[in-house]
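File shown: data31.tsv. Contents: TSV, C-alpha atoms.
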```
chain	number	residue	atom	x	y	z
A	152	MET	CA	-18.64	23.08	1.65
A	153	LYS	CA	-18.25	24.70	5.04
A	154	LEU	CA	-21.03	27.19	4.30
A	155	PHE	CA	-23.34	24.40	3.19
A	156	ASP	CA	-22.59	22.38	6.31
A	157	GLN	CA	-23.08	25.42	8.51
A	158	LEU	CA	-26.44	26.14	6.88
A	159	LEU	CA	-27.54	22.63	7.72
A	160	GLY	CA	-25.97	22.92	11.13
A	161	ARG	CA	-23.73	19.89	10.79
A	162	GLU	CA	-20.09	19.02	10.72
A	163	PRO	CA	-18.30	17.64	7.67
A	164	LYS	CA	-18.37	13.83	7.44
A	165	SER	CA	-15.41	12.18	9.13
A	166	ALA	CA	-14.21	10.62	5.85
A	167	GLN	CA	-13.99	14.09	4.33
A	168	THR	CA	-11.94	15.31	7.29
A	169	ALA	CA	-9.72	12.22	7.03
A	170	LYS	CA	-9.08	12.84	3.35
A	171	GLU	CA	-8.13	16.48	3.87
A	172	ARG	CA	-5.84	15.58	6.76
A	173	VAL	CA	-4.07	12.83	4.82
A	174	LYS	CA	-3.67	15.11	1.80
A	175	LEU	CA	-1.80	17.65	3.93
A	176	MET	CA	0.31	14.97	5.63
A	177	LEU	CA	1.39	13.51	2.31
A	178	VAL	CA	2.50	16.87	0.90
A	179	HIS	CA	4.96	17.26	3.75
A	180	ASP	CA	5.94	13.57	3.99
A	181	ARG	CA	6.75	13.37	0.30
A	182	THR	CA	8.91	16.48	0.16
A	183	ASP	CA	10.32	16.52	3.66
A	184	LEU	CA	9.42	20.20	3.67
A	185	SER	CA	7.89	21.61	6.85
A	186	PRO	CA	5.61	24.66	6.76
A	187	LYS	CA	8.40	26.52	8.54
A	188	THR	CA	10.98	25.65	5.88
A	189	LEU	CA	8.50	26.64	3.21
A	190	GLU	CA	8.10	30.03	4.89
A	191	LYS	CA	11.89	30.48	4.99
A	192	LEU	CA	12.16	29.50	1.35
A	193	LYS	CA	9.55	32.13	0.54
A	194	ASP	CA	11.49	34.87	2.35
A	195	GLU	CA	14.74	33.97	0.61
A	196	LEU	CA	13.01	33.83	-2.76
A	197	ILE	CA	11.54	37.29	-2.18
A	198	GLY	CA	15.01	38.58	-1.24
A	199	VAL	CA	16.66	37.23	-4.40
A	200	ILE	CA	13.95	38.34	-6.81
A	201	SER	CA	13.63	41.80	-5.23
A	202	ARG	CA	17.26	42.45	-6.08
A	203	HIS	CA	16.38	42.34	-9.77
A	204	ILE	CA	12.78	43.38	-10.04
A	205	GLU	CA	10.24	45.12	-7.85
A	206	ILE	CA	7.59	42.73	-6.57
A	207	ASP	CA	4.48	42.97	-4.42
A	208	VAL	CA	5.99	41.31	-1.35
A	209	ASN	CA	2.71	40.90	0.52
A	210	ALA	CA	0.99	39.11	-2.34
A	211	VAL	CA	3.66	36.43	-2.89
A	212	ARG	CA	2.23	32.93	-2.61
A	213	ILE	CA	4.16	29.67	-2.51
A	214	GLU	CA	2.42	26.35	-2.37
A	215	MET	CA	2.85	22.66	-3.06
A	216	THR	CA	0.53	20.98	-5.50
A	217	GLN	CA	0.36	17.37	-6.60
A	218	GLU	CA	-0.47	15.67	-9.82
A	219	GLY	CA	-0.50	11.92	-9.39
A	220	ARG	CA	2.66	11.16	-7.44
A	221	GLN	CA	4.43	14.23	-8.84
A	222	GLN	CA	4.88	17.11	-6.40
A	223	ARG	CA	5.24	20.65	-7.68
A	224	LEU	CA	6.26	23.86	-5.97
A	225	ILE	CA	4.24	26.75	-7.34
A	226	ALA	CA	5.33	30.33	-6.71
A	227	ASP	CA	3.01	33.17	-7.59
A	228	ILE	CA	4.99	36.41	-7.48
A	229	PRO	CA	3.06	39.50	-8.62
A	230	LEU	CA	5.17	42.37	-9.91
A	231	ARG	CA	4.54	45.96	-8.90
A	232	PRO	CA	2.50	47.83	-11.51
A	233	ALA	CA	4.74	49.67	-14.00
A	234	LEU	CA	3.06	53.05	-13.24
A	235	ARG	CA	3.83	52.83	-9.56
A	236	ARG	CA	7.29	51.64	-10.37
A	237	ARG	CA	7.95	54.77	-12.37
A	238	ALA	CA	6.33	57.00	-9.81
A	239	GLY	CA	8.22	55.36	-6.97
B	215	MET	CA	9.36	-18.78	-18.34
B	216	PRO	CA	11.17	-18.03	-15.05
B	217	GLY	CA	9.02	-17.57	-11.96
B	218	LYS	CA	7.80	-14.16	-10.91
B	219	VAL	CA	8.59	-12.72	-7.48
B	220	ILE	CA	5.77	-10.71	-5.88
B	221	THR	CA	6.40	-8.95	-2.57
B	222	ILE	CA	3.48	-7.97	-0.36
B	223	THR	CA	4.21	-5.02	1.91
B	224	SER	CA	2.41	-2.17	3.72
B	225	GLY	CA	4.52	0.01	6.00
B	226	LYS	CA	1.98	-0.18	8.82
B	227	GLY	CA	1.49	-3.44	10.67
B	228	GLY	CA	-1.81	-5.26	10.99
B	229	VAL	CA	-3.38	-4.21	7.69
B	230	GLY	CA	-3.48	-7.73	6.24
B	231	LYS	CA	-0.14	-8.52	4.54
B	232	THR	CA	0.08	-12.07	5.83
B	233	THR	CA	-3.56	-12.84	5.07
B	234	ALA	CA	-3.10	-11.44	1.57
B	235	THR	CA	0.08	-13.45	0.96
B	236	ALA	CA	-1.56	-16.70	2.14
B	237	ASN	CA	-4.68	-16.14	0.08
B	238	LEU	CA	-2.98	-15.00	-3.11
B	239	GLY	CA	-0.64	-17.97	-2.82
B	240	ALA	CA	-3.60	-20.31	-2.36
B	241	ALA	CA	-5.57	-18.70	-5.21
B	242	LEU	CA	-2.63	-18.99	-7.64
B	243	ALA	CA	-2.06	-22.60	-6.58
B	244	GLN	CA	-5.78	-23.29	-7.09
B	245	SER	CA	-5.39	-22.03	-10.64
B	246	GLY	CA	-2.72	-24.68	-11.18
B	247	TYR	CA	0.47	-22.66	-10.71
B	248	LYS	CA	3.43	-23.78	-8.62
B	249	VAL	CA	3.73	-21.28	-5.78
B	250	VAL	CA	6.20	-20.71	-2.95
B	251	CYS	CA	5.31	-18.31	-0.13
B	252	ILE	CA	8.25	-16.96	1.86
B	253	ASP	CA	7.72	-15.47	5.31
B	254	ALA	CA	10.31	-12.68	5.53
B	255	ASP	CA	9.14	-11.49	8.93
B	256	ILE	CA	12.00	-13.01	10.90
B	257	GLY	CA	11.36	-13.11	14.63
B	258	LEU	CA	7.60	-12.64	14.23
B	259	ARG	CA	6.57	-15.47	11.94
B	260	ASN	CA	2.88	-15.81	11.17
B	261	LEU	CA	2.39	-17.01	7.61
B	262	ASP	CA	2.73	-20.63	8.83
B	263	VAL	CA	-0.18	-20.11	11.24
B	264	VAL	CA	-2.43	-18.43	8.69
B	265	LEU	CA	-1.78	-21.34	6.29
B	266	GLY	CA	-2.27	-23.90	9.08
B	267	LEU	CA	1.23	-25.36	8.62
B	268	GLU	CA	2.76	-24.39	11.97
B	269	ASN	CA	3.16	-27.97	13.21
B	270	ARG	CA	5.22	-29.11	10.26
B	271	ILE	CA	8.17	-26.71	10.45
B	272	VAL	CA	11.59	-28.35	10.62
B	273	TYR	CA	13.88	-25.83	8.93
B	274	ASP	CA	13.35	-22.13	8.25
B	275	LEU	CA	14.55	-19.25	6.06
B	276	VAL	CA	17.60	-18.55	8.22
B	277	ASP	CA	18.62	-22.23	8.11
B	278	VAL	CA	18.51	-22.03	4.30
B	279	VAL	CA	20.48	-18.78	4.14
B	280	GLU	CA	23.10	-20.02	6.61
B	281	GLY	CA	23.48	-23.32	4.77
B	282	ARG	CA	22.17	-25.69	7.47
B	283	CYS	CA	19.75	-27.25	5.01
B	284	ARG	CA	18.89	-27.26	1.32
B	285	VAL	CA	16.04	-25.02	0.13
B	286	ARG	CA	13.82	-28.02	-0.60
B	287	GLN	CA	14.18	-29.27	2.98
B	288	ALA	CA	12.78	-26.02	4.36
B	289	MET	CA	9.79	-26.02	2.02
B	290	ILE	CA	6.53	-27.23	3.56
B	291	ARG	CA	3.97	-28.56	1.14
B	292	ASP	CA	0.36	-27.51	1.78
B	293	LYS	CA	-2.06	-30.35	2.60
B	294	ARG	CA	-4.97	-29.11	0.50
B	295	LEU	CA	-3.12	-27.46	-2.35
B	296	PRO	CA	-0.23	-29.65	-3.47
B	297	GLU	CA	1.22	-26.88	-5.65
B	298	LEU	CA	1.57	-24.51	-2.68
B	299	TYR	CA	4.74	-24.40	-0.57
B	300	LEU	CA	5.85	-22.34	2.43
B	301	ILE	CA	9.33	-21.33	3.55
B	302	PRO	CA	8.73	-20.22	7.14
B	303	ALA	CA	10.59	-17.41	8.92
B	304	ALA	CA	12.89	-18.15	11.86
B	305	GLN	CA	11.23	-17.33	15.14
B	306	THR	CA	14.27	-17.00	17.39
B	307	ARG	CA	16.45	-14.78	15.22
B	308	ASP	CA	16.19	-11.20	13.97
B	309	LYS	CA	16.14	-9.51	10.58
B	310	SER	CA	19.91	-9.04	10.45
B	311	ALA	CA	20.29	-12.81	9.97
B	312	VAL	CA	19.27	-12.35	6.32
B	313	SER	CA	20.56	-9.81	3.77
B	314	PRO	CA	18.92	-8.46	0.60
B	315	SER	CA	21.46	-10.36	-1.52
B	316	ASP	CA	20.59	-13.62	0.35
B	317	MET	CA	16.97	-13.07	-0.70
B	318	VAL	CA	17.93	-12.37	-4.31
B	319	ARG	CA	20.02	-15.58	-4.45
B	320	LEU	CA	17.26	-17.68	-2.87
B	321	CYS	CA	14.59	-16.37	-5.25
B	322	ASP	CA	16.83	-16.82	-8.28
B	323	ASP	CA	17.23	-20.44	-7.21
B	324	LEU	CA	13.42	-20.89	-6.94
B	325	ARG	CA	12.50	-19.07	-10.17
B	326	GLY	CA	13.59	-22.03	-12.29
B	327	GLU	CA	11.08	-24.42	-10.78
B	328	TYR	CA	8.18	-22.35	-9.50
B	329	ASP	CA	5.79	-19.99	-11.27
B	330	TYR	CA	5.22	-17.55	-8.42
B	331	ILE	CA	7.29	-16.68	-5.38
B	332	LEU	CA	5.30	-14.56	-2.91
B	333	ILE	CA	7.18	-12.74	-0.15
B	334	ASP	CA	5.37	-11.64	3.01
B	335	SER	CA	7.23	-8.50	4.11
B	336	PRO	CA	7.48	-7.42	7.73
B	337	ALA	CA	5.98	-4.06	8.73
B	338	GLY	CA	8.30	-1.08	8.90
B	339	ILE	CA	10.83	0.44	6.54
B	340	GLU	CA	14.05	-1.14	7.79
B	341	ARG	CA	16.16	-4.19	7.00
B	342	GLY	CA	13.27	-6.65	6.86
B	343	PHE	CA	11.43	-4.52	4.32
B	344	ARG	CA	14.59	-4.15	2.22
B	345	ASN	CA	15.15	-7.91	2.34
B	346	ALA	CA	11.60	-8.46	1.15
B	347	ILE	CA	11.67	-6.09	-1.83
B	348	ALA	CA	15.24	-6.82	-3.03
B	349	PRO	CA	14.25	-9.80	-5.26
B	350	ALA	CA	10.79	-8.45	-6.25
B	351	ASP	CA	9.56	-8.20	-9.83
B	352	VAL	CA	6.29	-6.73	-8.57
B	353	VAL	CA	5.58	-5.02	-5.25
B	354	MET	CA	2.05	-4.99	-3.91
B	355	VAL	CA	1.15	-2.46	-1.21
B	356	ILE	CA	-1.72	-3.32	1.14
B	357	THR	CA	-3.53	-0.60	3.02
B	358	ASN	CA	-6.75	-0.03	4.97
B	359	PRO	CA	-9.06	2.94	4.38
B	360	GLU	CA	-7.85	4.85	7.43
B	361	VAL	CA	-5.50	7.78	7.94
B	362	SER	CA	-2.44	6.09	9.46
B	363	ALA	CA	-2.47	3.12	7.07
B	364	VAL	CA	-2.79	5.38	4.02
B	365	ARG	CA	-0.03	7.66	5.23
B	366	ASP	CA	2.33	4.72	5.80
B	367	ALA	CA	1.39	3.23	2.44
B	368	ASP	CA	2.42	6.48	0.77
B	369	ARG	CA	5.76	6.41	2.54
B	370	ILE	CA	6.41	2.84	1.49
B	371	ILE	CA	5.37	3.58	-2.11
B	372	GLY	CA	7.98	6.36	-2.16
B	373	LEU	CA	10.66	3.96	-0.89
B	374	ILE	CA	9.68	1.34	-3.48
B	375	GLU	CA	10.07	3.97	-6.21
B	376	ALA	CA	13.43	5.05	-4.78
B	377	GLU	CA	14.61	1.42	-4.94
B	378	GLU	CA	13.43	1.31	-8.56
B	379	LYS	CA	10.94	-1.45	-7.75
B	380	GLY	CA	7.90	0.61	-8.77
B	381	PRO	CA	5.31	1.25	-9.85
B	382	ALA	CA	3.70	-0.58	-6.93
B	383	LEU	CA	0.23	-2.11	-7.14
B	384	LEU	CA	-2.40	-1.19	-4.54
B	385	VAL	CA	-4.73	-3.43	-2.56
B	386	ILE	CA	-7.26	-1.80	-0.22
B	387	ASN	CA	-8.27	-4.22	2.54
B	388	ARG	CA	-10.97	-4.15	5.26
B	389	ILE	CA	-13.40	-1.97	3.36
B	390	LYS	CA	-16.72	-1.40	5.16
B	391	PRO	CA	-19.31	-0.36	2.53
B	392	ASN	CA	-21.81	0.78	5.17
B	393	MET	CA	-19.35	3.17	6.75
B	394	ILE	CA	-18.42	4.53	3.32
B	395	LYS	CA	-22.12	5.03	2.62
B	396	ARG	CA	-22.44	7.06	5.82
B	397	GLY	CA	-19.40	9.16	4.90
B	398	ASP	CA	-17.43	7.74	7.80
B	399	MET	CA	-14.77	5.81	5.91
B	400	LEU	CA	-12.40	6.81	3.11
B	401	SER	CA	-13.77	5.35	-0.12
B	402	PRO	CA	-11.60	3.42	-2.60
B	403	ASP	CA	-11.77	6.52	-4.82
B	404	ASP	CA	-10.43	8.70	-1.99
B	405	VAL	CA	-7.54	6.32	-1.25
B	406	LEU	CA	-6.68	5.99	-4.94
B	407	GLU	CA	-6.67	9.74	-5.39
B	408	LEU	CA	-4.34	10.16	-2.42
B	409	LEU	CA	-1.89	7.39	-3.30
B	410	ALA	CA	-2.07	7.67	-7.09
B	411	ILE	CA	-0.89	4.16	-8.01
B	412	GLU	CA	-2.55	1.35	-9.92
B	413	LEU	CA	-5.32	-0.50	-8.08
B	414	VAL	CA	-5.24	-4.30	-8.18
B	415	GLY	CA	-7.70	-5.27	-5.44
B	416	LEU	CA	-10.54	-4.17	-3.16
B	417	ILE	CA	-11.25	-6.47	-0.24
B	418	PRO	CA	-14.32	-6.05	1.94
B	419	GLU	CA	-14.20	-6.55	5.69
B	420	ASP	CA	-15.29	-10.15	6.17
B	421	GLU	CA	-15.70	-12.11	9.40
B	422	GLY	CA	-14.96	-15.21	7.35
B	423	VAL	CA	-11.29	-14.16	7.33
B	424	VAL	CA	-11.18	-14.51	11.13
B	425	THR	CA	-12.99	-17.85	11.22
B	426	SER	CA	-10.93	-19.36	8.42
B	427	THR	CA	-7.70	-18.10	10.01
B	428	ASN	CA	-8.85	-19.69	13.28
B	429	ARG	CA	-8.88	-22.99	11.42
B	430	GLY	CA	-5.67	-22.37	9.46
B	431	LEU	CA	-7.50	-22.37	6.13
B	432	PRO	CA	-7.02	-19.63	3.53
B	433	VAL	CA	-10.37	-17.88	2.99
B	434	VAL	CA	-10.13	-18.36	-0.80
B	435	LEU	CA	-11.01	-22.01	-0.16
B	436	ASP	CA	-14.42	-20.82	1.08
B	437	GLY	CA	-16.49	-20.36	-2.05
B	438	ARG	CA	-19.07	-18.16	-0.29
B	439	SER	CA	-16.67	-15.64	1.24
B	440	LYS	CA	-16.66	-12.14	-0.27
B	441	ALA	CA	-13.07	-11.57	0.81
B	442	GLY	CA	-12.14	-14.93	-0.72
B	443	GLN	CA	-13.73	-13.86	-3.99
B	444	ALA	CA	-11.81	-10.56	-3.84
B	445	PHE	CA	-8.50	-12.41	-3.36
B	446	ARG	CA	-9.29	-14.74	-6.26
B	447	ASN	CA	-9.96	-11.66	-8.39
B	448	ILE	CA	-6.55	-10.21	-7.49
B	449	SER	CA	-4.85	-13.45	-8.51
B	450	ARG	CA	-6.64	-13.37	-11.87
B	451	ARG	CA	-5.58	-9.75	-12.41
B	452	LEU	CA	-1.98	-10.75	-11.63
B	453	LEU	CA	-2.33	-13.43	-14.30
B	454	GLY	CA	-3.26	-10.71	-16.78
B	455	GLU	CA	-7.06	-11.10	-16.87
B	456	LYS	CA	-9.30	-8.05	-16.90
B	457	VAL	CA	-11.59	-8.62	-13.91
B	458	PRO	CA	-14.12	-5.97	-12.90
B	459	PHE	CA	-13.82	-4.79	-9.30
B	460	LEU	CA	-16.36	-6.06	-6.76
B	461	ASP	CA	-19.42	-3.99	-5.99
B	462	ILE	CA	-17.89	-2.28	-2.98
B	463	GLU	CA	-17.47	1.01	-4.82
B	464	GLU	CA	-20.96	0.75	-6.27
B	465	GLU	CA	-22.61	0.38	-2.89
B	466	GLY	CA	-20.96	3.56	-1.61
B	467	GLY	CA	-20.46	4.97	-5.07
B	468	LEU	CA	-23.61	6.56	-6.36
B	469	PHE	CA	-24.58	8.02	-3.02
B	470	GLY	CA	-21.01	9.19	-2.40
B	471	ARG	CA	-20.74	10.87	-5.77
B	472	LEU	CA	-24.12	12.53	-5.35
B	473	THR	CA	-23.37	14.05	-1.96
B	474	ARG	CA	-19.96	15.15	-3.19
B	475	ARG	CA	-21.60	17.03	-6.03
B	476	ILE	CA	-24.14	18.73	-3.77
B	477	ARG	CA	-21.42	19.65	-1.34
B	478	SER	CA	-19.09	21.13	-3.90
B	479	GLY	CA	-22.08	23.16	-5.09
B	480	GLY	CA	-22.32	24.68	-1.63
B	481	ASP	CA	-18.66	25.60	-1.57
```

Produce structure tokens that represent the structure in this file.
Amino acid sequence: MKLFDQLLGREPKSAQTAKERVKLMLVHDRTDLSPKTLEKLKDELIGVISRHIEIDVNAVRIEMTQEGRQQRLIADIPLRPALRRRAG
Amino acid sequence: MPGKVITITSGKGGVGKTTATANLGAALAQSGYKVVCIDADIGLRNLDVVLGLENRIVYDLVDVVEGRCRVRQAMIRDKRLPELYLIPAAQTRDKSAVSPSDMVRLCDDLRGEYDYILIDSPAGIERGFRNAIAPADVVMVITNPEVSAVRDADRIIGLIEAEEKGPALLVINRIKPNMIKRGDMLSPDDVLELLAIELVGLIPEDEGVVTSTNRGLPVVLDGRSKAGQAFRNISRRLLGEKVPFLDIEEEGGLFGRLTRRIRSGGD
């Protein structure tokens, strides 16, 4: 969308901006989870999982998604390739 | 069948709770049901003014709760709609004068004789809001298509669910089709997607609401008003009828959908 708008040399419509802003607000309002807390949770999660299995720390992604009024915390934690694990 | 208690709330102030309560009450009374509207906004009463009954108040909600009068003595009968009654809020007291259990007792008393009891909730999420939803069978959340109103609506929907009064029904008020068409106002689709609850009404911005409120007449009594029509439609949906939504979405709809598709193509 941004590329398209840039090509036409215009900004996104204000309703679109409003919707994206509200979406973000609601994620945090509904869970009472600030971006800072989420970051801390991510670090702790990495710590715990690393104790048992080798993971690609820099590729870990944690995000909130919503389906209707249901909030979900999704963690994507890639493991280190087995080859490198053996080599390492 | 015992009467049904419907609470109208919003979180944010000024989105149209009182207007909605007055007009739904009037629309249900027009359809022949016995209706009591209760103004639960103690200290900031307004439902009496919107209904044009402000000069006839003798007793109020706090008088009833504190036993200074019987419920029937505090009920003001509407001039135009004989099946419509108002229990006004006290103007010189605050919300702590009434408790949630007082409201439950009062509504249980009214259920036997009236078909619908509509409660106009105060703004906010404190005592007044809790008083208003305590006796509710159905909670209706009013919002406007703007960021702060939608955010507050979401907060209040969460609280309604936490109090096990959900799922709430949504009314979107003050919709401006031209602004939606220009992409400068959240569309009903946008708001629904964000709040994810069942829609029960779409009300267009209508100057008729201001002029009829000036006169103390509910806008549903004006047969030509678009907002009046929208409120009548909500009352029919509450009665269980399947009523198609007004053309508001259609006016912004096709164009909105089209641009959305082009835009997502450019993503």

Give me the residues of chain B that have any atom at most 12 Å from an atom of chain A; for each, the nearest atom pair and the distance in Å, rounded to one decimal. Use only C-alpha atoms, sort by chain and number, and format it as a tab-separated table.
```
residue	atom	partner	partner_atom	distance
B:Pro359	CA	A:Ala166	CA	9.4
B:Glu360	CA	A:Ala169	CA	7.6
B:Val361	CA	A:Val173	CA	6.1
B:Ser362	CA	A:Val173	CA	8.3
B:Ala363	CA	A:Val173	CA	10.1
B:Val364	CA	A:Val173	CA	7.6
B:Arg365	CA	A:Val173	CA	6.6
B:Asp366	CA	A:Leu177	CA	9.5
B:Ala367	CA	A:Leu177	CA	10.3
B:Asp368	CA	A:Leu177	CA	7.3
B:Arg369	CA	A:Asp180	CA	7.3
B:Ile370	CA	A:Arg181	CA	10.6
B:Ile371	CA	A:Arg220	CA	9.7
B:Gly372	CA	A:Arg181	CA	7.5
B:Leu373	CA	A:Arg181	CA	10.3
B:Glu375	CA	A:Arg220	CA	10.4
B:Ala376	CA	A:Arg181	CA	11.8
B:Gly380	CA	A:Arg220	CA	11.9
B:Pro381	CA	A:Arg220	CA	10.5
B:Ala382	CA	A:Arg220	CA	11.8
B:Met393	CA	A:Ala166	CA	9.1
B:Ile394	CA	A:Ala166	CA	7.8
B:Lys395	CA	A:Ala166	CA	10.2
B:Arg396	CA	A:Lys164	CA	8.1
B:Gly397	CA	A:Lys164	CA	5.4
B:Asp398	CA	A:Ala166	CA	4.7
B:Met399	CA	A:Ala166	CA	4.8
B:Leu400	CA	A:Ala166	CA	5.0
B:Ser401	CA	A:Ala166	CA	8.0
B:Pro402	CA	A:Ala166	CA	11.4
B:Asp403	CA	A:Lys170	CA	10.7
B:Asp404	CA	A:Lys170	CA	6.9
B:Val405	CA	A:Lys170	CA	8.1
B:Leu406	CA	A:Gly219	CA	9.7
B:Glu407	CA	A:Gly219	CA	7.7
B:Leu408	CA	A:Lys174	CA	6.5
B:Leu409	CA	A:Arg220	CA	7.2
B:Ala410	CA	A:Gly219	CA	5.1
B:Ile411	CA	A:Arg220	CA	7.9
B:Glu412	CA	A:Gly219	CA	10.8
B:Gly470	CA	A:Ala166	CA	10.8
B:Thr473	CA	A:Lys164	CA	10.6
B:Arg474	CA	A:Met152	CA	9.4
B:Arg475	CA	A:Met152	CA	10.2
B:Ile476	CA	A:Met152	CA	8.9
B:Arg477	CA	A:Met152	CA	5.3
B:Ser478	CA	A:Met152	CA	5.9
B:Gly479	CA	A:Met152	CA	7.6
B:Gly480	CA	A:Phe155	CA	4.9
B:Asp481	CA	A:Met152	CA	4.1
```

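Look at stretch 204-213 of chain A: the protein and nucleic acid residues within 6 Å of it, using all atoms listed in the file and passing over chain neighbours fewer than 3 places away, are A:Ser201, A:Ile225, A:Ala226, A:Asp227, A:Ile228, A:Pro229, A:Leu230, A:Arg231.
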
Exercise for review: Find the residues around A:Leu184 up to 12 Å (only C-alpha atoms counted), leave out those fewer than 4 positions away in its own chain, and share them as a PyMOL selection string.
Suggested key: chain A and resi 175-180+188-192+214-215+222+224

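Of note, atom CA of B:Arg438 and atom CA of B:Thr221 are spaced 27.2 Å apart.
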
**Study point:** Residue among B:Gly437, B:Gly338, B:Gly442, B:Gly281 lying closest to B:Ile417, counting all atoms listed in the file
**Key:** B:Gly442

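Every protein, DNA or RNA residue with an atom at most 9 Å from B:Leu332, where all atoms listed in the file count and chain neighbours fewer than 2 positions away do not, is listed here: B:Lys218, B:Val219, B:Ile220, B:Thr221, B:Ile222, B:Thr235, B:Ala236, B:Leu238, B:Gly239, B:Val249, B:Val250, B:Cys251, B:Ile252, B:Asp253, B:Tyr330, B:Asp334, B:Ala350.
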
Review point. Could you name the residues that touch B:Arg294 at 10 Å or less, counting only C-alpha atoms, but leaving out those on the same chain fewer than 3 positions away, as a ChimeraX atom specification?
Key: /B:240,244,291,297-298,431,435

Review point. Leaving out B:Gly415 and any residue of its chain fewer than 4 positions from it, which residues lie within 7 Å of it when counting all atoms listed in the file, given as a list in words?
Key: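 Skipping anything fewer than 4 positions along the chain leaves Leu384, Val385, Ile386, Ala444 and Ile448 of chain B.
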
Review point. So what do you get for atom CA of B:Pro216 versus atom CA of B:Asp322, distance-wise?
Key: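 Between atom CA of B:Pro216 and atom CA of B:Asp322 the gap is 8.9 Å.
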
Since the input lacks atoms, please generate N, CA and C atoms for stretch 196-212 of chain A and provide them as a compact mmCIF listing (two decimals), in the frame of the given file.
```
# COMPACT_ATOMS: atom_id res chain seq x y z
N LEU A 196 13.40 33.63 -1.35
CA LEU A 196 13.01 33.83 -2.76
C LEU A 196 12.67 35.31 -3.00
N ILE A 197 11.92 35.88 -2.08
CA ILE A 197 11.54 37.29 -2.18
C ILE A 197 12.80 38.16 -2.20
N GLY A 198 13.76 37.83 -1.31
CA GLY A 198 15.01 38.58 -1.24
C GLY A 198 15.74 38.57 -2.57
N VAL A 199 15.90 37.38 -3.15
CA VAL A 199 16.66 37.23 -4.40
C VAL A 199 15.96 37.97 -5.54
N ILE A 200 14.67 37.76 -5.68
CA ILE A 200 13.95 38.34 -6.81
C ILE A 200 13.88 39.87 -6.68
N SER A 201 13.72 40.35 -5.46
CA SER A 201 13.63 41.80 -5.23
C SER A 201 14.89 42.53 -5.65
N ARG A 202 16.00 41.83 -5.67
CA ARG A 202 17.26 42.45 -6.08
C ARG A 202 17.23 42.83 -7.56
N HIS A 203 16.40 42.12 -8.33
CA HIS A 203 16.38 42.34 -9.77
C HIS A 203 15.14 43.05 -10.26
N ILE A 204 14.04 42.82 -9.56
CA ILE A 204 12.78 43.38 -10.04
C ILE A 204 11.89 43.70 -8.85
N GLU A 205 11.07 44.74 -8.99
CA GLU A 205 10.24 45.12 -7.85
C GLU A 205 8.98 44.25 -7.79
N ILE A 206 8.75 43.63 -6.68
CA ILE A 206 7.59 42.73 -6.57
C ILE A 206 6.68 43.17 -5.43
N ASP A 207 5.45 42.67 -5.49
CA ASP A 207 4.48 42.97 -4.42
C ASP A 207 4.69 41.93 -3.31
N VAL A 208 5.54 42.26 -2.38
CA VAL A 208 5.99 41.31 -1.35
C VAL A 208 4.83 40.66 -0.59
N ASN A 209 3.81 41.44 -0.29
CA ASN A 209 2.71 40.90 0.52
C ASN A 209 1.79 39.94 -0.23
N ALA A 210 1.89 39.97 -1.57
CA ALA A 210 0.99 39.11 -2.34
C ALA A 210 1.67 37.82 -2.82
N VAL A 211 2.94 37.63 -2.43
CA VAL A 211 3.66 36.43 -2.89
C VAL A 211 3.04 35.18 -2.27
N ARG A 212 2.79 34.18 -3.11
CA ARG A 212 2.23 32.93 -2.61
C ARG A 212 3.06 31.75 -3.09
```
